[in-house]
>>> print(open('final_10.pdb').read())   # PDB, C-alpha atoms
ATOM      1  CA  MET A 165      69.291 110.420  93.377
ATOM      2  CA  THR A 166      69.410 110.721  97.118
ATOM      3  CA  ALA A 167      72.096 109.788  99.584
ATOM      4  CA  ALA A 168      69.633 107.451 101.312
ATOM      5  CA  ASN A 169      69.305 105.078  98.356
ATOM      6  CA  ARG A 170      72.817 105.452  97.001
ATOM      7  CA  PRO A 171      75.277 102.577  97.445
ATOM      8  CA  ASP A 172      78.736 103.198  98.799
ATOM      9  CA  PRO A 173      81.713 102.781  96.476
ATOM     10  CA  PRO A 174      83.714  99.582  96.867
ATOM     11  CA  GLU A 175      86.707  99.659  99.189
ATOM     12  CA  ALA A 176      88.998  98.516  96.371
ATOM     13  CA  ILE A 177      88.940  97.530  92.726
ATOM     14  CA  ARG A 178      90.793  94.318  91.951
ATOM     15  CA  PHE A 179      92.333  93.719  88.561
ATOM     16  CA  GLY A 180      94.028  90.789  86.919
ATOM     17  CA  SER A 181      97.442  90.715  85.299
ATOM     18  CA  ASP A 182      96.149  92.028  81.949
ATOM     19  CA  ILE A 183      95.032  95.313  83.484
ATOM     20  CA  ARG A 184      98.141  95.495  85.697
ATOM     21  CA  ASP A 185     100.313  95.083  82.601
ATOM     22  CA  ALA A 186      98.337  97.700  80.669
ATOM     23  CA  LEU A 187      98.680 100.119  83.592
ATOM     24  CA  MET A 188     102.436  99.535  83.660
ATOM     25  CA  THR A 189     102.573 100.247  79.924
ATOM     26  CA  LEU A 190     100.769 103.533  80.555
ATOM     27  CA  VAL A 191     103.124 104.386  83.421
ATOM     28  CA  ARG A 192     106.121 103.870  81.101
ATOM     29  CA  ARG A 193     104.579 105.780  78.190
ATOM     30  CA  THR A 194     103.119 108.730  80.052
ATOM     31  CA  GLY A 195     105.511 109.091  82.953
ATOM     32  CA  VAL A 196     102.519 109.244  85.322
ATOM     33  CA  LYS A 197     103.871 107.329  88.295
ATOM     34  CA  HIS A 198     100.625 106.674  90.155
ATOM     35  CA  ARG A 199      98.247 104.059  88.787
ATOM     36  CA  ASN A 200      95.323 105.655  90.598
ATOM     37  CA  VAL A 201      95.684 108.783  88.428
ATOM     38  CA  LEU A 202      95.700 106.624  85.319
ATOM     39  CA  CYS A 203      92.594 104.829  86.591
ATOM     40  CA  ARG A 204      90.821 108.215  86.797
ATOM     41  CA  TRP A 205      91.710 108.921  83.194
ATOM     42  CA  ALA A 206      90.590 105.408  82.282
ATOM     43  CA  LEU A 207      87.239 105.865  84.015
ATOM     44  CA  CYS A 208      86.680 109.097  82.082
ATOM     45  CA  ARG A 209      87.677 107.424  78.830
ATOM     46  CA  SER A 210      85.231 104.590  79.373
ATOM     47  CA  LEU A 211      82.364 106.797  80.559
ATOM     48  CA  ALA A 212      82.728 108.809  77.340
ATOM     49  CA  GLU A 213      81.843 105.721  75.305
ATOM     50  CA  PRO A 214      78.116 105.416  74.558
ATOM     51  CA  SER A 215      78.081 101.633  74.944
ATOM     52  CA  ARG A 216      78.274  99.638  78.138
ATOM     53  CA  PRO A 217      81.618  97.973  78.760
ATOM     54  CA  PRO A 218      81.667  94.282  77.922
ATOM     55  CA  ALA A 219      81.672  91.549  80.513
ATOM     56  CA  LEU A 220      85.174  90.663  81.564
ATOM     57  CA  PRO A 221      86.538  87.136  81.491
ATOM     58  CA  PRO A 222      86.704  85.454  84.885
ATOM     59  CA  ARG A 223      89.654  86.707  86.886
ATOM     60  CA  GLY A 224      92.257  84.489  88.395
ATOM     61  CA  GLU A 225      94.196  85.754  91.346
ATOM     62  CA  PRO A 226      94.030  89.541  91.604
ATOM     63  CA  ALA A 227      97.307  91.020  90.412
ATOM     64  CA  VAL A 228      96.634  94.521  91.698
ATOM     65  CA  ASP A 229      94.203  96.100  94.147
ATOM     66  CA  ILE A 230      93.610  99.824  93.971
ATOM     67  CA  ALA A 231      91.648 101.476  96.761
ATOM     68  CA  TRP A 232      88.677 103.521  95.560
ATOM     69  CA  ARG A 233      89.708 106.394  97.855
ATOM     70  CA  LEU A 234      93.029 106.541  95.952
ATOM     71  CA  VAL A 235      91.388 106.300  92.528
ATOM     72  CA  ALA A 236      88.887 109.030  93.366
ATOM     73  CA  GLY A 237      91.149 111.252  95.438
ATOM     74  CA  ASN A 238      89.687 114.407  96.954
ATOM     75  CA  LEU A 239      86.789 114.349  94.496
ATOM     76  CA  SER A 240      85.431 110.960  95.514
ATOM     77  CA  GLU A 241      81.833 112.154  95.728
ATOM     78  CA  LEU A 242      81.991 113.727  92.272
ATOM     79  CA  TRP A 243      83.488 110.636  90.616
ATOM     80  CA  TRP A 244      80.972 108.359  92.345
ATOM     81  CA  LEU A 245      78.011 110.527  91.299
ATOM     82  CA  LEU A 246      79.243 110.636  87.690
ATOM     83  CA  PHE A 247      79.517 106.875  87.718
ATOM     84  CA  LEU A 248      76.062 106.392  89.295
ATOM     85  CA  THR A 249      74.578 108.753  86.713
ATOM     86  CA  ARG A 250      75.994 106.517  84.011
ATOM     87  CA  LEU A 251      74.456 103.447  85.666
ATOM     88  CA  HIS A 252      71.124 105.255  85.740
ATOM     89  CA  ASP A 253      71.452 106.227  82.059
ATOM     90  CA  ASP A 254      72.231 102.598  81.216
ATOM     91  CA  GLY A 255      69.137 101.457  83.125
ATOM     92  CA  LEU A 256      71.124  99.452  85.659
ATOM     93  CA  PRO A 257      70.248  98.939  89.306
ATOM     94  CA  TRP A 258      72.296 100.494  92.074
ATOM     95  CA  ASP A 259      72.842  97.381  94.123
ATOM     96  CA  GLN A 260      76.304  96.722  95.530
ATOM     97  CA  GLN A 261      77.122  93.886  93.120
ATOM     98  CA  THR A 262      76.137  95.829  89.993
ATOM     99  CA  THR A 263      77.960  98.983  91.021
ATOM    100  CA  SER A 264      81.145  97.059  91.855
ATOM    101  CA  GLU A 265      81.074  95.032  88.630
ATOM    102  CA  GLU A 266      80.300  98.005  86.404
ATOM    103  CA  LEU A 267      82.977 100.170  88.018
ATOM    104  CA  HIS A 268      85.484  97.390  87.449
ATOM    105  CA  ARG A 269      84.363  97.010  83.819
ATOM    106  CA  HIS A 270      84.549 100.744  83.122
ATOM    107  CA  ILE A 271      88.020 101.203  84.567
ATOM    108  CA  ALA A 272      89.313  98.034  82.881
ATOM    109  CA  ARG A 273      87.905  99.085  79.498
ATOM    110  CA  GLY A 274      89.355 102.568  79.875
ATOM    111  CA  VAL A 275      92.792 101.228  80.812
ATOM    112  CA  LEU A 276      92.821  98.908  77.811
ATOM    113  CA  TYR A 277      91.634 101.691  75.483
ATOM    114  CA  LEU A 278      94.338 104.063  76.719
ATOM    115  CA  ALA A 279      97.084 101.431  76.585
ATOM    116  CA  GLY A 280      96.032 100.456  73.072
ATOM    117  CA  ASP A 281      95.884 104.036  71.801
ATOM    118  CA  SER A 282      99.050 104.781  69.842
ATOM    119  CA  ALA A 283      98.392 108.520  70.284
ATOM    120  CA  ILE A 284      99.139 108.161  74.017
ATOM    121  CA  LYS A 285     102.868 108.855  73.918
ATOM    122  CA  ASP A 286     103.463 111.028  76.989
ATOM    123  CA  VAL A 287     101.611 112.814  79.774
ATOM    124  CA  THR A 288     100.427 115.602  77.436
ATOM    125  CA  SER A 289      98.551 113.004  75.389
ATOM    126  CA  LEU A 290      95.943 112.543  78.126
ATOM    127  CA  PRO A 291      94.583 116.117  78.181
ATOM    128  CA  LYS A 292      94.831 116.225  74.383
ATOM    129  CA  LEU A 293      92.616 113.145  74.260
ATOM    130  CA  ALA A 294      90.146 114.810  76.629
ATOM    131  CA  LEU A 295      90.057 118.029  74.591
ATOM    132  CA  GLY A 296      89.792 116.204  71.261
ATOM    133  CA  ALA A 297      89.835 118.552  68.271
ATOM    134  CA  HIS A 298      90.311 121.534  70.583
ATOM    135  CA  ALA A 299      93.744 120.319  71.699
ATOM    136  CA  ASP A 300      95.586 121.701  68.687
ATOM    137  CA  ARG A 301      94.245 125.229  69.043
TER     138      ARG A 301
END
>>> encode(input="final_10.pdb", output="structure tokens")
Amino acid sequence: MTAANRPDPPEAIRFGSDIRDALMTLVRRTGVKHRNVLCRWALCRSLAEPSRPPALPPRGEPAVDIAWRLVAGNLSELWWLLFLTRLHDDGLPWDQQTTSEELHRHIARGVLYLAGDSAIKDVTSLPKLALGAHADR
């Protein structure tokens, strides 16, 4: 993986009302005020799944746009390389369309998984999820 053949991240990720609503549910439940932070957790949650995220239904009007630089924060390069590694592991090309679509799918799947997880009750639930069985030690 070299910088020369690596695509740039998209400027923004656009989500429909279903993902916006799920993010708002997570904001209420966790107390995390910034959706970009929740999108980072969602990306991690989705990347941890061995399967590729499913195709999403066609979107209507975007209900929320989140800039990649906000999602990734100060560790933009790290998040992007983790994501590209996953694309490589899944045997997918690194063209701009594929990277944008797959990033959207991963974050959307992660948001829906987190919002649908009844164990996510407050902000401490997120690191507990990440630590798994080690969280209760």
>>> residues_near_point(input="final_10.pdb", point="(73.5, 96.2, 93.9)", cutoff="12 Å", atoms="only C-alpha atoms", output="ChimeraX atom specification")
/A:169-174,248,251,256-267
>>> closest_residue(input="final_10.pdb", among="A:Leu202, A:Leu246, A:Ala272, A:Val235", to="Pro221 (chain A)", atoms="all atoms listed in the file")
A:Ala272
>>> closest_atom_pairs(input="final_10.pdb", of="region 172-260 of chain A", to="region 286-295 of chain A", cutoff="8 Å", atoms="all atoms listed in the file", output="Markdown table")
| residue | atom | partner | partner_atom | distance |
| --- | --- | --- | --- | --- |
| A:Arg193 | CA | A:Asp286 | CA | 5.5 |
| A:Thr194 | CA | A:Asp286 | CA | 3.8 |
| A:Gly195 | CA | A:Val287 | CA | 6.3 |
| A:Val196 | CA | A:Val287 | CA | 6.7 |
| A:Trp205 | CA | A:Leu290 | CA | 7.5 |
>>> axis_aligned_box(input="final_10.pdb", around="region 252-256 of chain A", padding_each_side="4 Å", output="AutoDock Vina command-line options")
--center_x 70.7 --center_y 102.8 --center_z 83.5 --size_x 11.1 --size_y 14.8 --size_z 12.5
>>> atom_distance(input="final_10.pdb", atom1="CA of Ala279 (chain A)", atom2="CA of Trp244 (chain A)")
23.6 Å
>>> resolve_selection(input="final_10.pdb", expression="the PyMOL selection byres ((chain A and resi 229) around 7)", output="list in words")
Ala176, Ile177, Arg178, Phe179, Val228, Ile230 and Ala231 of chain A
>>> write_last_selection(input="final_10.pdb", atoms="C-alpha atoms", output="compact mmCIF listing (two decimals), in the coordinates of the input")
# COMPACT_ATOMS: atom_id res chain seq x y z
CA ALA A 176 89.00 98.52 96.37
CA ILE A 177 88.94 97.53 92.73
CA ARG A 178 90.79 94.32 91.95
CA PHE A 179 92.33 93.72 88.56
CA VAL A 228 96.63 94.52 91.70
CA ILE A 230 93.61 99.82 93.97
CA ALA A 231 91.65 101.48 96.76
>>> closest_atom_pairs(input="final_10.pdb", of="region 228-257 of chain A", to="region 216-219 of chain A", cutoff="12 Å", atoms="all atoms listed in the file", output="CSV")
residue,atom,partner,partner_atom,distance
A:Arg250,CA,A:Arg216,CA,9.3
A:Leu251,CA,A:Arg216,CA,9.3
A:His252,CA,A:Arg216,CA,11.9
A:Asp253,CA,A:Arg216,CA,10.3
A:Asp254,CA,A:Arg216,CA,7.4
A:Gly255,CA,A:Arg216,CA,10.6
A:Leu256,CA,A:Arg216,CA,10.4
>>> atom_distance(input="final_10.pdb", atom1="CA of Leu220 (chain A)", atom2="CA of Arg269 (chain A)")
6.8 Å
>>> atom_distance(input="final_10.pdb", atom1="CA of Gly180 (chain A)", atom2="CA of Glu213 (chain A)")
22.5 Å
>>> resolve_selection(input="final_10.pdb", expression="the PyMOL selection byres ((chain A and resi 182) around 10)", output="mmCIF file with C-alpha atoms, in the coordinates of the input")
data_model
loop_
_atom_site.group_PDB
_atom_site.id
_atom_site.type_symbol
_atom_site.label_atom_id
_atom_site.label_comp_id
_atom_site.auth_asym_id
_atom_site.auth_seq_id
_atom_site.Cartn_x
_atom_site.Cartn_y
_atom_site.Cartn_z
ATOM 1 C CA PHE A 179 92.333 93.719 88.561
ATOM 2 C CA GLY A 180 94.028 90.789 86.919
ATOM 3 C CA SER A 181 97.442 90.715 85.299
ATOM 4 C CA ILE A 183 95.032 95.313 83.484
ATOM 5 C CA ARG A 184 98.141 95.495 85.697
ATOM 6 C CA ASP A 185 100.313 95.083 82.601
ATOM 7 C CA ALA A 186 98.337 97.700 80.669
ATOM 8 C CA LEU A 187 98.680 100.119 83.592
ATOM 9 C CA MET A 188 102.436 99.535 83.660
ATOM 10 C CA ARG A 223 89.654 86.707 86.886
ATOM 11 C CA ALA A 227 97.307 91.020 90.412
ATOM 12 C CA ALA A 272 89.313 98.034 82.881
ATOM 13 C CA VAL A 275 92.792 101.228 80.812
ATOM 14 C CA LEU A 276 92.821 98.908 77.811
#
>>> closest_residue(input="final_10.pdb", among="A:Ile284, A:Val201, A:Ala212, A:Ala206", to="Ile271 (chain A)", atoms="only C-alpha atoms")
A:Ala206
